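Student: Below are the structure tokens for one structure; questions will follow.
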Protein chains: 2
Amino acid sequence: MKDKKVTINEVAAHAGVSKSTVSRYINGKIDAISPKKVKSIKKAIEALNYRPSQMAQGLKVKKSKLIGFLVADITNPFSVATLRGVEEVCDQYGYSIMVCNTDNSPEKEREMLHKLNAHYIEGLIINTTGQNNDVLMDLISQDVSIVLVDRKVPGLKLDAVTTNNREVTSQIVHYMYDKGYRHVGLFTEPMAGISPREERASAYTEIALERNAGRIPQIYEVDVKDKAALMQAVKSFLASGDDQGKKAILGNNGLLMLKIISCLYEMGAAIPEDVGIAGFDDTEWYKLIGPGITTIAQPSHEMGRVAMERIIKRLEGDDSAPQTIQLEAELILRSSL
Amino acid sequence: MKDKKVTINEVAAHAGVSKSTVSRYINGKIDAISPKKVKSIKKAIEALNYRPSQMAQGLKVKKSKLIGFLVADITNPFSVATLRGVEEVCDQYGYSIMVCNTDNSPEKEREMLHKLNAHYIEGLIINTTGQNNDVLMDLISQDVSIVLVDRKVPGLKLDAVTTNNREVTSQIVHYMYDKGYRHVGLFTEPMAGISPREERASAYTEIALERNAGRIPQIYEVDVKDKAALMQAVKSFLASGDDQGKKAILGNNGLLMLKIISCLYEMGAAIPEDVGIAGFDDTEWYKLIGPGITTIAQPSHEMGRVAMERIIKRLEGDDSAPQTIQLEAELILRSSL
DNA sequence: CTGTTAGCGCTTTCAC
DNA sequence: GTGAAAGCGCTAACAG
């Protein structure tokens with residue numbers, strides 16, 4: 001039962017060659033080996049069911065074939081879609097993924113980064129809190145390729161993959177006013193220096209100011225985890241102002257949208273009759289809820305792919321200046337507005 | 001910039017001790033070291049920002065601190081919830097998780113298994129296709145602890161964590177008939193030897209036979225990916241029989257439910273007026289769709305926790321007979337029936 | 001073409 | 001208490 005792992009030595013013995021030759025074989029230097037030895041090595045490997053140890057290889061060549069994927073919350077469908085994209089190209093190149101959640105906690109993020117580092121990850125795709133730039137720099141200096149997804153960090157010269165948050169936010173806010181809404185409120189998770197949130201808020205503010213002169217843009221920073229507070233915020237928005245003109249909510253991400261809709265549902269508010277709503281991230285159930293939720297679909301899967309491809313390029317030696325790749329989000333009109 | 005990684009040797013040099021002593025320190029054998037050396041080592045580690053290499057440690061002690069999580073599809077919310085559970089206890093014990101998707105393909109599963117094996121995973125939590133028992137046995141013989149989640153495999157004596165599929169399926173099917181439905185159709189992904197699907201189908205069949213004498217239970221095996229075929233199946237079910245009595249659909253998992261509801265929505269069928277529906281897995285949006293979807297909530301998060309705890313126990317040396325831990329799913333009544 | 005040798009970063013006897 | 005030495009499984013010169 002305890003076969004333990006078969007090593008290169010046993011293969012070498014079985015095949016009657018030295019382990020260097022087996023090593024050559026493993027590494028594809030087949031035409032530097034005599035055909036007969038190739039055969040016997042191949043046979044030995046099959047007979048013994050041998051698989052080279054990543055750990056040993058890695059220790060030697062400093063390549064773990066591991067990619068870290070550090071997200072705020074894997075529960076967010078956005079993250080899962082991204083992960084899938086990352087995975088696609090990882091598979092293609094023989095990399096494996098280590099997934100970690102930070103729950104948006106800088107401390108946890110720090111811890112995870114150290115852990116990933118101990119595993120000698122070669123690449124890191126991260127949705128950072130922005131509070132651990134020092135650790136990130138450490139990683140860089142140890143030759144791990146990093147790409148930021150979704151969130152950029154001011155002052156960190158790193159590859160990044162983002163969406164055109166400003167443009168698309170303007171677009172939807174304009175659309176909301178065009179639809180006749182007089183009061184558009186933005187609900188967002190705490191901005192805390194997180195770039196997409198800030199970009200969206202800033203684009204929202206700009207348009208809201210422009211389209212609704214005299215009315216102060218209403219931004220509600222809420223904690224998705226705190227249902228009661230969220231309910232409170234929603235109620236407060238609905239009760240706000242002079243009560244003239246229709247109101248609509250713009251939700252900053254899919255998870256938050258879910259919670260907001262949930263609140264509306266509990267309050268018995270009809271969409272879009274009582275209140276319009278639109279938000280970021282498109283999940284498959286958006287079209288099933290009530291009249292269908294109008295939304296901004298982010299190319300999350302694509303973002304994952306692109307991010308990982310960037311890492312591959314870096315790993316292959318590309319050392320051009322860090323670039324941020326901006327992908328286009330798409331406005332999907334349904335009937336919640 | 002290229003600081004490269006600092007090693008135990010540098011720490012030893014900096015602290016003026018041998019690397020053995022540093023090693024002892026790392027491994028917590030502190031009271032076997034003189035206090036002054038402890039101090040200087042500690043200082044050196046901090047100064048140098050040293051982190052021991054998992055790879056080197058692992059190679060030496062045959063412990064990678066890596067757990068494999070192999071699921072059919074991480075896109076399924078069930079999998080994500082489970083992953084979160086697994087992660088919780090992993091964090092607690094210093095393990096990291098390697099996540100892989102098999103897409104229910106035995107070949108891909110096999111490949112992933114080999115990859116994980118090359119990384120010397122210590123534990124494996126798997127949602128298996130059931131077609132790679134040989135590889136699983138290999139892993140076992142190499143001392144990796146395996147626990148099956150959700151899906152059991154006949155003939156494989158392994159720890160498993162499942163839900164009480166039969167009981168809860170009976171319960172809901174009874175409930176459906178009690179509610180006055182005369183025709184209950186089960187929609188499931190291909191059973192193909194996958195235990196929960198079979199258990200549910202068998203429980204369904206039993207109750208359907210019992211409650212609706214004379215009518216043959218209707219099981220539709222469909223591919224979630226094939227929208228057209230699914231639509232066809234739904235239509236066929238709705239058109240079936242003598243058209244007397246209300247019809248209801250029982251969907252075998254969350255992803256499938258989403259697709260089915262989507263079909264119903266496109267067909268303009270009202271829930272529950274035109275057709276009742278209920279299914280497995282509870283996702284947060286279930287309650288927001290139409291009248292709210294009646295469902296069977298599986299304790300997926302808990303399943304992940306329990307599975308990983310089992311692995312920890314095994315890793316700690318527990319070698320009692322494999323056990324299957326059955327957790328209770330819960331019927332959540334809403335208004336889709 | 002192929003084997004010998006050294007060593008990746010760490011742990012672990014085994015003496016002192 | 002502590003260091004020297006050997007070795008985990010593998011790769012990479014370096015000879016031959």
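Naming scheme: A, B, ... for chains in displayed order of the structure tokens; residues 1 onward per chain; ligands 1 onward as shown.
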Considering only strand (DSSP E or B) as DSSP defines it on the backbone, what residues of stretch 279-314 of chain B qualify? List them as JSON, numbers by chain.
Tutor: {"B": [279, 280, 294, 295, 296, 297]}
Student: Could you save those same residues with C-alpha atoms as a compact mmCIF listing (two decimals), in the first residue's frame?
Tutor:
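Result went into selection33.txt, see below:
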# COMPACT_ATOMS: atom_id res chain seq x y z
CA GLY B 279 -35.12 22.39 -7.11
CA PHE B 280 -31.86 21.83 -5.39
CA THR B 294 -38.99 26.66 -3.32
CA THR B 295 -35.82 24.74 -2.88
CA ILE B 296 -33.65 22.33 -1.06
CA ALA B 297 -30.73 24.11 0.49
Student: Might you pull out every residue within 12 Å of B:Glu302, with only C-alpha atoms (C1' of nucleotides) counted and same-chain residues fewer than 3 positions away left off, and present them as a ChimeraX atom specification?
Tutor: /B:78-89,149-150,161-163,297-299,305-309,325-329
Student: Convert the current residue selection to file output with N, CA and C atoms, as a PDB file, in the first residue's frame.
Tutor:
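Wrote it out as result_23.pdb, contents follow:
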ATOM      1  N   PHE B  78     -22.674  26.161  -5.738  1.00  0.00           N
ATOM      2  CA  PHE B  78     -22.481  25.097  -4.759  1.00  0.00           C
ATOM      3  C   PHE B  78     -20.992  24.872  -4.518  1.00  0.00           C
ATOM      4  N   SER B  79     -20.237  24.834  -5.586  1.00  0.00           N
ATOM      5  CA  SER B  79     -18.798  24.606  -5.469  1.00  0.00           C
ATOM      6  C   SER B  79     -18.102  25.746  -4.744  1.00  0.00           C
ATOM      7  N   VAL B  80     -18.510  26.952  -5.041  1.00  0.00           N
ATOM      8  CA  VAL B  80     -17.875  28.101  -4.415  1.00  0.00           C
ATOM      9  C   VAL B  80     -18.132  28.086  -2.918  1.00  0.00           C
ATOM     10  N   ALA B  81     -19.349  27.787  -2.555  1.00  0.00           N
ATOM     11  CA  ALA B  81     -19.686  27.750  -1.135  1.00  0.00           C
ATOM     12  C   ALA B  81     -18.856  26.682  -0.433  1.00  0.00           C
ATOM     13  N   THR B  82     -18.729  25.548  -1.081  1.00  0.00           N
ATOM     14  CA  THR B  82     -17.932  24.475  -0.503  1.00  0.00           C
ATOM     15  C   THR B  82     -16.483  24.924  -0.355  1.00  0.00           C
ATOM     16  N   LEU B  83     -15.986  25.535  -1.398  1.00  0.00           N
ATOM     17  CA  LEU B  83     -14.613  26.033  -1.384  1.00  0.00           C
ATOM     18  C   LEU B  83     -14.369  26.957  -0.199  1.00  0.00           C
ATOM     19  N   ARG B  84     -15.331  27.819   0.051  1.00  0.00           N
ATOM     20  CA  ARG B  84     -15.201  28.739   1.173  1.00  0.00           C
ATOM     21  C   ARG B  84     -15.078  27.986   2.489  1.00  0.00           C
ATOM     22  N   GLY B  85     -15.851  26.936   2.601  1.00  0.00           N
ATOM     23  CA  GLY B  85     -15.787  26.130   3.812  1.00  0.00           C
ATOM     24  C   GLY B  85     -14.419  25.479   3.953  1.00  0.00           C
ATOM     25  N   VAL B  86     -13.952  24.932   2.863  1.00  0.00           N
ATOM     26  CA  VAL B  86     -12.645  24.273   2.861  1.00  0.00           C
ATOM     27  C   VAL B  86     -11.573  25.286   3.250  1.00  0.00           C
ATOM     28  N   GLU B  87     -11.685  26.429   2.657  1.00  0.00           N
ATOM     29  CA  GLU B  87     -10.690  27.463   2.870  1.00  0.00           C
ATOM     30  C   GLU B  87     -10.590  27.871   4.342  1.00  0.00           C
ATOM     31  N   GLU B  88     -11.731  27.989   4.956  1.00  0.00           N
ATOM     32  CA  GLU B  88     -11.748  28.399   6.355  1.00  0.00           C
ATOM     33  C   GLU B  88     -10.826  27.538   7.196  1.00  0.00           C
ATOM     34  N   VAL B  89     -10.990  26.225   7.029  1.00  0.00           N
ATOM     35  CA  VAL B  89     -10.150  25.398   7.889  1.00  0.00           C
ATOM     36  C   VAL B  89      -8.732  25.300   7.359  1.00  0.00           C
ATOM     37  N   VAL B 149     -16.615  14.855  -1.886  1.00  0.00           N
ATOM     38  CA  VAL B 149     -17.723  15.705  -1.470  1.00  0.00           C
ATOM     39  C   VAL B 149     -18.876  15.530  -2.429  1.00  0.00           C
ATOM     40  N   ASP B 150     -20.019  15.451  -1.862  1.00  0.00           N
ATOM     41  CA  ASP B 150     -21.245  15.378  -2.623  1.00  0.00           C
ATOM     42  C   ASP B 150     -21.421  14.046  -3.346  1.00  0.00           C
ATOM     43  N   VAL B 161     -18.364  13.167   2.216  1.00  0.00           N
ATOM     44  CA  VAL B 161     -19.314  14.064   2.854  1.00  0.00           C
ATOM     45  C   VAL B 161     -20.453  14.275   1.870  1.00  0.00           C
ATOM     46  N   THR B 162     -21.638  13.928   2.301  1.00  0.00           N
ATOM     47  CA  THR B 162     -22.774  14.009   1.382  1.00  0.00           C
ATOM     48  C   THR B 162     -23.978  14.642   2.076  1.00  0.00           C
ATOM     49  N   THR B 163     -25.054  14.732   1.332  1.00  0.00           N
ATOM     50  CA  THR B 163     -26.298  15.149   1.973  1.00  0.00           C
ATOM     51  C   THR B 163     -27.299  14.009   1.891  1.00  0.00           C
ATOM     52  N   ALA B 297     -32.026  23.471   0.251  1.00  0.00           N
ATOM     53  CA  ALA B 297     -30.735  24.106   0.492  1.00  0.00           C
ATOM     54  C   ALA B 297     -29.761  23.065   1.010  1.00  0.00           C
ATOM     55  N   GLN B 298     -28.654  22.940   0.318  1.00  0.00           N
ATOM     56  CA  GLN B 298     -27.652  22.012   0.805  1.00  0.00           C
ATOM     57  C   GLN B 298     -26.667  22.789   1.661  1.00  0.00           C
ATOM     58  N   PRO B 299     -26.169  22.144   2.687  1.00  0.00           N
ATOM     59  CA  PRO B 299     -25.232  22.840   3.577  1.00  0.00           C
ATOM     60  C   PRO B 299     -23.847  22.845   2.954  1.00  0.00           C
ATOM     61  N   ARG B 305     -16.276  22.580   5.075  1.00  0.00           N
ATOM     62  CA  ARG B 305     -15.605  22.589   6.381  1.00  0.00           C
ATOM     63  C   ARG B 305     -15.364  21.171   6.875  1.00  0.00           C
ATOM     64  N   VAL B 306     -16.449  20.434   6.882  1.00  0.00           N
ATOM     65  CA  VAL B 306     -16.363  19.076   7.403  1.00  0.00           C
ATOM     66  C   VAL B 306     -15.372  18.233   6.608  1.00  0.00           C
ATOM     67  N   ALA B 307     -15.409  18.378   5.303  1.00  0.00           N
ATOM     68  CA  ALA B 307     -14.491  17.614   4.460  1.00  0.00           C
ATOM     69  C   ALA B 307     -13.049  17.931   4.822  1.00  0.00           C
ATOM     70  N   MET B 308     -12.774  19.209   4.946  1.00  0.00           N
ATOM     71  CA  MET B 308     -11.396  19.605   5.231  1.00  0.00           C
ATOM     72  C   MET B 308     -10.995  19.189   6.637  1.00  0.00           C
ATOM     73  N   GLU B 309     -11.942  19.220   7.541  1.00  0.00           N
ATOM     74  CA  GLU B 309     -11.622  18.792   8.902  1.00  0.00           C
ATOM     75  C   GLU B 309     -11.261  17.305   8.925  1.00  0.00           C
ATOM     76  N   ILE B 325     -19.919  10.994   5.952  1.00  0.00           N
ATOM     77  CA  ILE B 325     -20.636  11.891   6.833  1.00  0.00           C
ATOM     78  C   ILE B 325     -21.794  12.489   6.063  1.00  0.00           C
ATOM     79  N   GLN B 326     -22.972  12.266   6.580  1.00  0.00           N
ATOM     80  CA  GLN B 326     -24.129  12.782   5.866  1.00  0.00           C
ATOM     81  C   GLN B 326     -24.699  14.004   6.569  1.00  0.00           C
ATOM     82  N   LEU B 327     -24.742  15.099   5.846  1.00  0.00           N
ATOM     83  CA  LEU B 327     -25.295  16.322   6.413  1.00  0.00           C
ATOM     84  C   LEU B 327     -26.729  16.490   5.928  1.00  0.00           C
ATOM     85  N   GLU B 328     -27.475  17.263   6.675  1.00  0.00           N
ATOM     86  CA  GLU B 328     -28.889  17.420   6.352  1.00  0.00           C
ATOM     87  C   GLU B 328     -29.153  18.609   5.443  1.00  0.00           C
ATOM     88  N   ALA B 329     -29.823  18.335   4.354  1.00  0.00           N
ATOM     89  CA  ALA B 329     -30.271  19.434   3.504  1.00  0.00           C
ATOM     90  C   ALA B 329     -31.588  19.930   4.077  1.00  0.00           C
TER      91      ALA B 329
END
Student: Considering only C-alpha atoms (C1' of nucleotides), tabulate each residue of chain C that lies at most 9 Å from chain B along with its nearest interatomic pair and the corresponding distance in Å to one decimal; arrange the rows by chain and ascending residue number and present them as a tab-separated table.
Tutor:
residue	atom	partner	partner_atom	distance
C:DC8	C1'	B:Ala56	CA	8.1
C:DG9	C1'	B:Ala56	CA	4.9
C:DC10	C1'	B:Ala56	CA	5.0
C:DT11	C1'	B:Lys60	CA	6.3
C:DT12	C1'	B:Ser20	CA	8.7
Student: Considering only C-alpha atoms, tabulate each residue of chain A that lies at most 7 Å from chain B along with its nearest interatomic pair and the corresponding distance in Å to one decimal; arrange the rows by chain and ascending residue number and present them as CSV.
Tutor:
residue,atom,partner,partner_atom,distance
A:Met1,CA,B:Ser141,CA,5.2
A:Lys2,CA,B:Ser141,CA,5.0
A:Asp3,CA,B:Ser141,CA,5.8
A:Lys4,CA,B:Gln142,CA,4.8
A:Lys5,CA,B:Gln142,CA,6.1
A:Arg51,CA,B:Ala118,CA,6.3
A:Pro52,CA,B:Ala118,CA,6.4
A:Ser53,CA,B:Ala118,CA,5.0
A:Gln54,CA,B:His119,CA,5.2
A:Met55,CA,B:Met55,CA,5.4
A:Ala56,CA,B:Leu59,CA,6.2
A:Leu59,CA,B:Met55,CA,6.0
A:Thr75,CA,B:Val80,CA,6.3
A:Val80,CA,B:Thr75,CA,6.3
A:Ser96,CA,B:Met98,CA,6.9
A:Ile97,CA,B:Met98,CA,5.6
A:Met98,CA,B:Met98,CA,4.6
A:Val99,CA,B:Ile97,CA,6.2
A:Ala118,CA,B:Ser53,CA,5.0
A:His119,CA,B:Gln54,CA,5.2
A:Ser141,CA,B:Lys2,CA,5.0
A:Gln142,CA,B:Lys4,CA,4.8
A:Leu258,CA,B:Trp285,CA,7.0
A:Ser262,CA,B:Leu288,CA,6.7
A:Trp285,CA,B:Leu258,CA,7.0
A:Leu288,CA,B:Ile289,CA,6.2
A:Ile289,CA,B:Ile289,CA,4.9
A:Gly290,CA,B:Gly290,CA,6.4
Student: Can you spit out the residues from that selection as a short mmCIF file (atom, residue, chain, number, x, y, z; two decimals), in the first residue's frame, using N, CA and C atoms?
Tutor:
data_model
loop_
_atom_site.label_atom_id
_atom_site.label_comp_id
_atom_site.auth_asym_id
_atom_site.auth_seq_id
_atom_site.Cartn_x
_atom_site.Cartn_y
_atom_site.Cartn_z
N MET A 1 0.82 -1.22 0.00
CA MET A 1 0.00 0.00 0.00
C MET A 1 0.85 1.27 0.00
N LYS A 2 1.81 1.26 0.85
CA LYS A 2 2.66 2.44 0.92
C LYS A 2 3.75 2.39 -0.16
N ASP A 3 3.35 2.57 -1.40
CA ASP A 3 4.32 2.53 -2.49
C ASP A 3 5.27 3.71 -2.40
N LYS A 4 4.84 4.71 -1.69
CA LYS A 4 5.59 5.96 -1.70
C LYS A 4 5.78 6.40 -3.15
N LYS A 5 6.39 7.50 -3.30
CA LYS A 5 6.54 8.03 -4.65
C LYS A 5 7.75 7.45 -5.34
N ARG A 51 6.02 10.14 -12.03
CA ARG A 51 5.75 11.57 -12.31
C ARG A 51 6.82 12.37 -11.60
N PRO A 52 7.51 13.20 -12.31
CA PRO A 52 8.53 14.02 -11.66
C PRO A 52 7.93 14.91 -10.58
N SER A 53 8.68 15.14 -9.57
CA SER A 53 8.21 15.99 -8.46
C SER A 53 8.39 17.46 -8.78
N GLN A 54 7.26 18.15 -8.79
CA GLN A 54 7.31 19.59 -9.02
C GLN A 54 8.18 20.27 -7.96
N MET A 55 8.11 19.75 -6.76
CA MET A 55 8.84 20.38 -5.68
C MET A 55 10.33 20.31 -5.92
N ALA A 56 10.79 19.15 -6.27
CA ALA A 56 12.22 18.97 -6.50
C ALA A 56 12.65 19.77 -7.71
N LEU A 59 12.55 23.42 -6.78
CA LEU A 59 13.64 23.84 -5.90
C LEU A 59 14.90 24.07 -6.72
N THR A 75 -16.69 34.49 -3.61
CA THR A 75 -18.14 34.33 -3.66
C THR A 75 -18.76 35.26 -4.69
N VAL A 80 -15.27 34.62 -9.81
CA VAL A 80 -15.30 33.27 -10.35
C VAL A 80 -15.09 33.29 -11.86
N SER A 96 -0.61 25.82 -12.28
CA SER A 96 -1.72 25.55 -11.38
C SER A 96 -2.02 26.81 -10.60
N ILE A 97 -3.22 26.87 -10.10
CA ILE A 97 -3.65 28.08 -9.42
C ILE A 97 -3.87 27.89 -7.94
N MET A 98 -3.32 28.78 -7.17
CA MET A 98 -3.63 28.79 -5.74
C MET A 98 -4.58 29.95 -5.49
N VAL A 99 -5.75 29.63 -5.00
CA VAL A 99 -6.75 30.67 -4.79
C VAL A 99 -6.82 31.09 -3.33
N ALA A 118 5.96 31.95 -0.01
CA ALA A 118 6.65 30.78 0.50
C ALA A 118 6.52 29.61 -0.48
N HIS A 119 5.46 29.64 -1.25
CA HIS A 119 5.27 28.58 -2.23
C HIS A 119 5.95 28.89 -3.55
N SER A 141 10.61 41.95 -6.68
CA SER A 141 12.06 41.84 -6.64
C SER A 141 12.49 40.38 -6.62
N GLN A 142 11.53 39.52 -6.34
CA GLN A 142 11.85 38.09 -6.38
C GLN A 142 11.38 37.48 -7.68
N LEU A 258 -27.55 42.44 -5.59
CA LEU A 258 -28.37 41.37 -5.02
C LEU A 258 -28.99 41.81 -3.71
N SER A 262 -32.87 42.74 -2.93
CA SER A 262 -33.45 42.01 -1.83
C SER A 262 -34.18 42.96 -0.88
N TRP A 285 -28.84 35.42 -13.60
CA TRP A 285 -30.18 35.57 -13.03
C TRP A 285 -30.72 37.00 -13.15
N LEU A 288 -33.79 37.28 -15.00
CA LEU A 288 -34.94 36.57 -14.48
C LEU A 288 -35.67 37.33 -13.38
N ILE A 289 -34.98 38.31 -12.83
CA ILE A 289 -35.58 39.03 -11.73
C ILE A 289 -36.52 40.11 -12.22
N GLY A 290 -37.72 40.05 -11.74
CA GLY A 290 -38.72 41.04 -12.11
C GLY A 290 -38.69 41.27 -13.61
#
Student: Please report as a ChimeraX atom specification which residues of chain B come no farther than 7 Å from chain D, using only C-alpha atoms (C1' of nucleotides).
Tutor: /B:18,21,32-34,59-60
Student: Hey, can you spit out that residue selection with C-alpha atoms as a tab-separated table (two decimals), in the first residue's frame?
Tutor:
chain	number	residue	atom	x	y	z
B	18	SER	CA	24.49	27.52	12.13
B	21	THR	CA	19.83	26.32	14.71
B	32	ALA	CA	16.14	23.98	22.73
B	33	ILE	CA	18.03	27.10	21.83
B	34	SER	CA	19.77	29.52	24.10
B	59	LEU	CA	11.05	18.34	-0.45
B	60	LYS	CA	12.74	17.46	2.77
Student: Near A:Ala47, counting only C-alpha atoms (C1' of nucleotides), which residues have an atom at most 12 Å away, once you skip same-chain residues fewer than 6 positions from it, shown as a ChimeraX atom specification?
Tutor: /A:6,10-11,14-15,40-41
